[in-house]
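This is protein-v3.pdb (PDB, C-alpha atoms).
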```pdb
ATOM      1  CA  MET A  16       0.000   0.000   0.000
ATOM      2  CA  PRO A  17       1.427   3.436  -0.927
ATOM      3  CA  ARG A  18       2.751   5.481   1.985
ATOM      4  CA  PRO A  19       0.939   8.847   2.322
ATOM      5  CA  LEU A  20       3.399  11.748   2.428
ATOM      6  CA  LYS A  21       2.763  15.452   2.935
ATOM      7  CA  ILE A  22       5.077  17.622   0.851
ATOM      8  CA  ASP A  23       5.356  21.381   1.344
ATOM      9  CA  PHE A  24       6.927  22.959  -1.731
ATOM     10  CA  VAL A  25       8.188  26.412  -0.756
ATOM     11  CA  SER A  26       8.829  28.440  -3.891
ATOM     12  CA  ASP A  27       8.291  31.551  -5.988
ATOM     13  CA  VAL A  28       6.759  31.653  -9.470
ATOM     14  CA  SER A  29       9.670  33.800 -10.727
ATOM     15  CA  CYS A  30      12.298  31.296  -9.561
ATOM     16  CA  PRO A  31      13.706  29.182 -12.439
ATOM     17  CA  TRP A  32      15.095  26.520 -10.116
ATOM     18  CA  CYS A  33      11.629  26.149  -8.605
ATOM     19  CA  ILE A  34      10.026  24.926 -11.825
ATOM     20  CA  ILE A  35      13.051  22.692 -12.446
ATOM     21  CA  GLY A  36      12.671  21.281  -8.939
ATOM     22  CA  LEU A  37       8.923  20.843  -9.340
ATOM     23  CA  LYS A  38       9.278  18.988 -12.638
ATOM     24  CA  GLY A  39      11.960  16.778 -11.106
ATOM     25  CA  LEU A  40       9.780  16.050  -8.074
ATOM     26  CA  GLU A  41       6.746  15.256 -10.219
ATOM     27  CA  GLU A  42       8.776  12.849 -12.343
ATOM     28  CA  ALA A  43      10.073  11.197  -9.176
ATOM     29  CA  LEU A  44       6.521  10.848  -7.861
ATOM     30  CA  ALA A  45       5.508   9.175 -11.115
ATOM     31  CA  ARG A  46       8.414   6.738 -10.722
ATOM     32  CA  THR A  47       7.435   5.957  -7.125
ATOM     33  CA  GLU A  48       3.760   5.393  -7.826
ATOM     34  CA  GLY A  49       2.675   2.537  -5.625
ATOM     35  CA  VAL A  50       5.372   3.376  -3.082
ATOM     36  CA  VAL A  51       4.271   6.845  -2.006
ATOM     37  CA  ASP A  52       1.001   8.759  -2.239
ATOM     38  CA  ALA A  53       2.089  12.381  -1.971
ATOM     39  CA  LYS A  54       0.061  15.541  -1.601
ATOM     40  CA  ILE A  55       1.957  18.706  -2.569
ATOM     41  CA  HIS A  56       1.075  21.972  -0.833
ATOM     42  CA  PHE A  57       2.643  25.015  -2.481
ATOM     43  CA  GLN A  58       3.899  27.517   0.078
ATOM     44  CA  PRO A  59       4.759  31.168  -0.622
ATOM     45  CA  PHE A  60       8.221  32.678  -0.831
ATOM     46  CA  GLU A  61       9.037  36.021  -2.464
ATOM     47  CA  LEU A  62      12.479  36.345  -3.995
ATOM     48  CA  ASN A  63      11.972  40.097  -4.333
ATOM     49  CA  PRO A  64       9.273  41.315  -1.931
ATOM     50  CA  ASN A  65      10.325  44.963  -2.381
ATOM     51  CA  MET A  66      10.399  44.919  -6.171
ATOM     52  CA  VAL A  67       9.122  48.127  -7.794
ATOM     53  CA  PRO A  68       5.727  47.865  -9.582
ATOM     54  CA  GLU A  69       7.233  48.089 -13.077
ATOM     55  CA  GLY A  70       9.727  45.324 -12.341
ATOM     56  CA  GLU A  71      13.408  45.335 -13.200
ATOM     57  CA  ASN A  72      15.577  44.144 -16.069
ATOM     58  CA  ILE A  73      16.777  40.645 -15.193
ATOM     59  CA  GLY A  74      20.377  41.251 -16.235
ATOM     60  CA  GLU A  75      20.638  44.442 -14.191
ATOM     61  CA  HIS A  76      18.905  42.747 -11.252
ATOM     62  CA  ILE A  77      21.258  39.752 -11.254
ATOM     63  CA  ALA A  78      24.306  41.984 -11.599
ATOM     64  CA  LYS A  79      23.196  44.110  -8.660
ATOM     65  CA  LYS A  80      22.151  41.177  -6.466
ATOM     66  CA  TYR A  81      24.924  38.674  -7.202
ATOM     67  CA  GLY A  82      27.636  40.650  -8.963
ATOM     68  CA  SER A  83      27.342  38.536 -12.118
ATOM     69  CA  THR A  84      28.759  39.779 -15.401
ATOM     70  CA  PRO A  85      26.572  39.763 -18.545
ATOM     71  CA  GLU A  86      28.574  36.785 -19.835
ATOM     72  CA  GLN A  87      28.058  34.854 -16.598
ATOM     73  CA  SER A  88      24.348  35.630 -16.635
ATOM     74  CA  ALA A  89      24.010  34.479 -20.249
ATOM     75  CA  ALA A  90      25.821  31.200 -19.508
ATOM     76  CA  ASN A  91      23.661  30.633 -16.449
ATOM     77  CA  ARG A  92      20.466  31.294 -18.426
ATOM     78  CA  GLN A  93      21.531  28.775 -21.067
ATOM     79  CA  MET A  94      22.314  26.142 -18.439
ATOM     80  CA  ILE A  95      18.924  26.689 -16.806
ATOM     81  CA  ARG A  96      17.162  26.530 -20.193
ATOM     82  CA  ASP A  97      18.879  23.218 -20.924
ATOM     83  CA  ARG A  98      17.963  21.762 -17.520
ATOM     84  CA  ALA A  99      14.345  22.843 -17.957
ATOM     85  CA  ALA A 100      14.149  21.528 -21.531
ATOM     86  CA  ALA A 101      15.378  18.128 -20.389
ATOM     87  CA  LEU A 102      12.346  18.017 -18.079
ATOM     88  CA  GLY A 103       9.917  19.119 -20.790
ATOM     89  CA  PHE A 104       9.601  22.778 -19.821
ATOM     90  CA  THR A 105      10.367  25.687 -22.164
ATOM     91  CA  MET A 106      12.097  28.827 -20.910
ATOM     92  CA  ASN A 107      12.294  31.798 -23.241
ATOM     93  CA  GLY A 108      14.191  34.272 -21.085
ATOM     94  CA  SER A 109      16.828  36.641 -22.423
ATOM     95  CA  ALA A 110      18.937  39.547 -21.231
ATOM     96  CA  ASP A 111      15.887  41.757 -21.861
ATOM     97  CA  SER A 112      13.559  39.757 -19.591
ATOM     98  CA  ARG A 113      12.179  41.382 -16.463
ATOM     99  CA  ILE A 114      11.558  40.219 -12.917
ATOM    100  CA  TYR A 115       8.484  41.338 -10.995
ATOM    101  CA  ASN A 116       6.781  41.304  -7.617
ATOM    102  CA  THR A 117       4.834  38.059  -7.104
ATOM    103  CA  PHE A 118       2.736  38.723  -3.992
ATOM    104  CA  ASP A 119      -0.599  38.726  -5.850
ATOM    105  CA  ALA A 120       0.337  35.461  -7.535
ATOM    106  CA  HIS A 121       0.797  33.918  -4.089
ATOM    107  CA  ARG A 122      -2.588  35.253  -2.966
ATOM    108  CA  LEU A 123      -4.171  33.604  -5.972
ATOM    109  CA  LEU A 124      -2.344  30.343  -5.255
ATOM    110  CA  HIS A 125      -3.698  30.399  -1.689
ATOM    111  CA  TRP A 126      -7.212  30.692  -3.074
ATOM    112  CA  ALA A 127      -6.530  27.998  -5.676
ATOM    113  CA  GLU A 128      -5.626  25.512  -2.940
ATOM    114  CA  ILE A 129      -9.006  26.128  -1.318
ATOM    115  CA  GLU A 130     -10.572  25.459  -4.717
ATOM    116  CA  GLY A 131      -8.517  22.276  -5.176
ATOM    117  CA  MET A 132      -6.673  23.620  -8.222
ATOM    118  CA  GLN A 133      -3.382  24.841  -6.773
ATOM    119  CA  ALA A 134      -1.037  22.603  -8.758
ATOM    120  CA  ALA A 135      -2.695  23.511 -12.057
ATOM    121  CA  LEU A 136      -2.419  27.223 -11.284
ATOM    122  CA  LYS A 137       1.205  26.875 -10.195
ATOM    123  CA  HIS A 138       2.086  25.355 -13.569
ATOM    124  CA  ALA A 139       0.085  28.001 -15.421
ATOM    125  CA  LEU A 140       1.928  30.767 -13.579
ATOM    126  CA  PHE A 141       5.327  29.245 -14.315
ATOM    127  CA  GLU A 142       4.385  29.017 -17.995
ATOM    128  CA  ALA A 143       3.065  32.589 -18.063
ATOM    129  CA  TYR A 144       6.297  33.970 -16.645
ATOM    130  CA  PHE A 145       9.027  31.765 -18.064
ATOM    131  CA  THR A 146       7.567  30.482 -21.325
ATOM    132  CA  GLU A 147       5.320  33.374 -22.353
ATOM    133  CA  GLN A 148       7.444  36.115 -20.710
ATOM    134  CA  LYS A 149       4.412  37.747 -19.100
ATOM    135  CA  ASP A 150       4.198  39.901 -15.970
ATOM    136  CA  PRO A 151       2.953  37.827 -12.995
ATOM    137  CA  SER A 152       2.078  40.992 -11.092
ATOM    138  CA  ASN A 153      -0.428  42.017 -13.775
ATOM    139  CA  GLN A 154      -3.976  41.113 -12.802
ATOM    140  CA  ASP A 155      -5.035  40.296 -16.369
ATOM    141  CA  VAL A 156      -2.118  37.872 -16.659
ATOM    142  CA  LEU A 157      -3.059  36.271 -13.337
ATOM    143  CA  VAL A 158      -6.715  35.917 -14.292
ATOM    144  CA  ALA A 159      -5.746  34.331 -17.623
ATOM    145  CA  ALA A 160      -3.514  31.861 -15.764
ATOM    146  CA  ALA A 161      -6.378  31.049 -13.398
ATOM    147  CA  GLU A 162      -8.690  30.369 -16.322
ATOM    148  CA  LYS A 163      -6.049  28.218 -17.999
ATOM    149  CA  ALA A 164      -5.843  26.211 -14.790
ATOM    150  CA  GLY A 165      -9.603  25.628 -14.837
ATOM    151  CA  LEU A 166     -10.563  28.238 -12.255
ATOM    152  CA  ASP A 167     -13.323  30.803 -12.581
ATOM    153  CA  GLY A 168     -11.880  33.997 -14.034
ATOM    154  CA  ALA A 169     -14.410  36.356 -12.457
ATOM    155  CA  ALA A 170     -13.803  34.798  -9.037
ATOM    156  CA  ALA A 171     -10.052  35.092  -9.520
ATOM    157  CA  ARG A 172     -10.385  38.764 -10.445
ATOM    158  CA  GLU A 173     -12.513  39.391  -7.352
ATOM    159  CA  VAL A 174      -9.860  37.773  -5.133
ATOM    160  CA  LEU A 175      -7.171  39.980  -6.656
ATOM    161  CA  ALA A 176      -9.220  43.199  -6.483
ATOM    162  CA  SER A 177     -10.293  42.610  -2.895
ATOM    163  CA  GLY A 178      -6.832  42.019  -1.467
ATOM    164  CA  ARG A 179      -8.120  38.793   0.066
ATOM    165  CA  TYR A 180      -5.648  36.281   1.568
ATOM    166  CA  ALA A 181      -2.900  38.895   1.995
ATOM    167  CA  ASP A 182      -2.679  38.208   5.731
ATOM    168  CA  GLU A 183      -2.621  34.453   5.186
ATOM    169  CA  VAL A 184       0.194  34.693   2.644
ATOM    170  CA  ARG A 185       2.253  36.990   4.885
ATOM    171  CA  ALA A 186       1.776  34.627   7.817
ATOM    172  CA  ALA A 187       2.835  31.620   5.730
ATOM    173  CA  GLU A 188       5.913  33.449   4.427
ATOM    174  CA  GLN A 189       6.932  34.357   7.972
ATOM    175  CA  LEU A 190       6.302  30.811   9.191
ATOM    176  CA  TRP A 191       8.620  29.231   6.648
ATOM    177  CA  GLN A 192      11.274  31.878   7.178
ATOM    178  CA  SER A 193      11.076  31.208  10.930
ATOM    179  CA  ARG A 194      11.775  27.554  10.131
ATOM    180  CA  GLY A 195      15.016  28.518   8.431
ATOM    181  CA  ILE A 196      13.887  28.592   4.805
ATOM    182  CA  ASN A 197      15.779  31.444   3.150
ATOM    183  CA  SER A 198      16.253  30.094  -0.368
ATOM    184  CA  VAL A 199      14.021  28.194  -2.761
ATOM    185  CA  PRO A 200      12.927  25.732  -3.830
ATOM    186  CA  ALA A 201      12.731  24.108  -0.414
ATOM    187  CA  ILE A 202      10.884  20.803  -0.350
ATOM    188  CA  VAL A 203       9.817  19.789   3.149
ATOM    189  CA  ILE A 204       8.469  16.274   3.589
ATOM    190  CA  GLU A 205       6.337  15.341   6.587
ATOM    191  CA  ASP A 206       7.571  18.500   8.409
ATOM    192  CA  LYS A 207      10.846  16.642   8.983
ATOM    193  CA  TRP A 208      12.968  16.124   5.878
ATOM    194  CA  LEU A 209      14.294  18.999   3.742
ATOM    195  CA  ILE A 210      15.426  18.732   0.128
ATOM    196  CA  SER A 211      16.895  21.972  -1.202
ATOM    197  CA  GLY A 212      17.272  23.194  -4.763
ATOM    198  CA  GLY A 213      16.257  22.111  -8.240
ATOM    199  CA  GLN A 214      17.368  18.516  -7.840
ATOM    200  CA  PRO A 215      17.161  15.972 -10.698
ATOM    201  CA  PRO A 216      14.403  13.339 -10.613
ATOM    202  CA  GLU A 217      16.829  10.648  -9.436
ATOM    203  CA  ALA A 218      17.679  12.598  -6.285
ATOM    204  CA  PHE A 219      14.022  13.108  -5.439
ATOM    205  CA  GLU A 220      13.214   9.475  -6.195
ATOM    206  CA  ASN A 221      15.948   8.180  -3.891
ATOM    207  CA  ALA A 222      14.857  10.519  -1.109
ATOM    208  CA  LEU A 223      11.186   9.576  -1.457
ATOM    209  CA  ARG A 224      11.956   5.863  -1.338
ATOM    210  CA  GLN A 225      14.158   6.284   1.737
ATOM    211  CA  ILE A 226      11.607   8.424   3.556
ATOM    212  CA  ALA A 227       8.760   6.065   2.713
ATOM    213  CA  ALA A 228      10.777   3.195   4.155
ATOM    214  CA  GLU A 229      11.526   5.156   7.328
ATOM    215  CA  VAL A 230       7.895   6.095   8.009
ATOM    216  CA  ALA A 231       6.532   2.658   7.091
TER     217      ALA A 231
END
```

Write-out of the structure in structure tokens:
Amino acid sequence: MPRPLKIDFVSDVSCPWCIIGLKGLEEALARTEGVVDAKIHFQPFELNPNMVPEGENIGEHIAKKYGSTPEQSAANRQMIRDRAAALGFTMNGSADSRIYNTFDAHRLLHWAEIEGMQAALKHALFEAYFTEQKDPSNQDVLVAAAEKAGLDGAAAREVLASGRYADEVRAAEQLWQSRGINSVPAIVIEDKWLISGGQPPEAFENALRQIAAEVA
């Protein structure tokens, strides 16, 4: 009988390693079908909570934040694109891409979990930002992603306009930070085991099998 496992996936929709980690985890879960029965809960983390409304050029942002040269940034983008492509996800970023505030996206994801559609919305948001190069702070973009995920667009727009779930998202962000999560993706299994970073499917598979054996 499959072992039930709770997985908290702490991430941001503008984090490239988060979609790489999610795709790797999902592939690992497919490989361990019959061994584990996992439920993923997506938890909020903002890479840039103080980002200006119009966003910032990704190259300038990376240079300022990490001291990377344009050549280093370009090589890193290519490596990330290759990793994502190997997992079936298309990234279309360039030196002209922008990074934005994602707080409203996290509010919508909180609502989507209540509606039972959180995973579908998470994927739609990753695609909107990385594949389609859209602004995840724009309410029209968020509503379109909600509709793509199978959610009601008018209800999504009402959530965004009302400011609903802001307190819940802030509380969740603070909770995970208080638990020592300061980089993403952070995959927390059964509130006990932590897997950090955009690991390949094999790493997730090995960890899931070991954890399932320990909790059996």

Q) Residues at most 6 Å from Pro19 in chain A, counting all atoms listed in the file, excluding those fewer than 5 positions away in the same chain, as a VMD selection string? A) chain A and resid 51 to 53

(Q) Excluding range 120-131 of chain A and its own-chain neighbours fewer than 2 positions away, which residues fall within 6 Å of it when counting only C-alpha atoms? Please give them as a ChimeraX atom specification. (A) /A:59,117-118,133,180

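Every protein, DNA or RNA residue with an atom at most 6 Å from range 163-176 of chain A, where all atoms listed in the file count and chain neighbours fewer than 5 positions away do not, is listed here: A:Ala135, A:Leu136, A:Val158.
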
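Using all atoms listed in the file, the smallest distance between any of A:Glu183, A:Glu42, A:Glu48, A:Glu162 and Met16 in chain A comes from A:Glu48.
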
Q. Closest to Ala218 in chain A among A:Glu205, A:Glu41, A:Glu86, A:Glu69, using all atoms listed in the file?
A. A:Glu41

Q. When the PyMOL selection byres ((chain A and resi 213) around 6) is applied to the file above, which residues end up in the set, as a ChimeraX atom specification?
A. /A:32,35-36,212,214

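Interatomic distance, CA of Pro85 in chain A to CA of Glu142 in chain A: 24.7 Å.
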
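If you look at CA of Ser88 in chain A and CA of Phe24 in chain A, they are 26.2 Å away from each other.
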
Q: Report as an MDAnalysis selection string the full result of the PyMOL selection byres ((chain A and resi 144) around 10) when it is applied to this structure.
A: chainID A and resid 28:31 106:108 112:115 139:143 145:152 156

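Selection by the PyMOL selection byres ((chain A and resi 20) around 10) on the present file picks out Pro17, Arg18, Pro19, Lys21, Ile22, Asp23, Val51, Asp52, Ala53, Lys54, Ile55, Ile204, Glu205, Asp206, Leu223, Ile226, Ala227 and Val230 of chain A.
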
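When all atoms listed in the file are used to compute distances to Gln225 in chain A, the closest of the residues A:Val203, A:Val50, A:Leu37, A:Val184 turns out to be A:Val50.
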
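Considering only C-alpha atoms, the residue among A:Ala222, A:Ala134, A:Ala187, A:Ala89 positioned nearest to Asp111 in chain A is A:Ala89.
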
Q.
Rounded to one decimal, what separation in Å do you get between CA of Pro200 in chain A and CA of Asp155 in chain A?
A. 26.3 Å

Q) So which one's closest to Ala90 in chain A, A:Pro64, A:Gly74, A:Gly178, A:Gly49? Using all atoms listed in the file, please. A) A:Gly74

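Close contacts of Val199 in chain A, defined as residues with an atom at most 7 Å away when counting all atoms listed in the file, with chain neighbours fewer than 6 positions off set aside, comprise A:Val25, A:Ser26, A:Cys33, A:Gly212.
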
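Comparing the minimum interatomic distances between Ala201 in chain A and each of A:Ile77, A:Met94, A:His56, A:Ala43, counting all atoms listed in the file, we find that A:His56 sits nearest.
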
With all atoms of range 56-64 of chain A from the file as input, state the centre and edge lengths in Å to one decimal of the axis-aligned box that has 3 Å extra on each side, as JSON.
```
{"center_x": 6.8, "center_y": 31.6, "center_z": -2.1, "size_x": 17.4, "size_y": 25.3, "size_z": 10.4}
```

Q: Would you mind listing what lies within 10 Å of Trp191 in chain A as an MDAnalysis selection string, with only C-alpha atoms counted and same-chain residues fewer than 2 positions away left out?
A: chainID A and resid 25 58:60 186:189 193:197 201
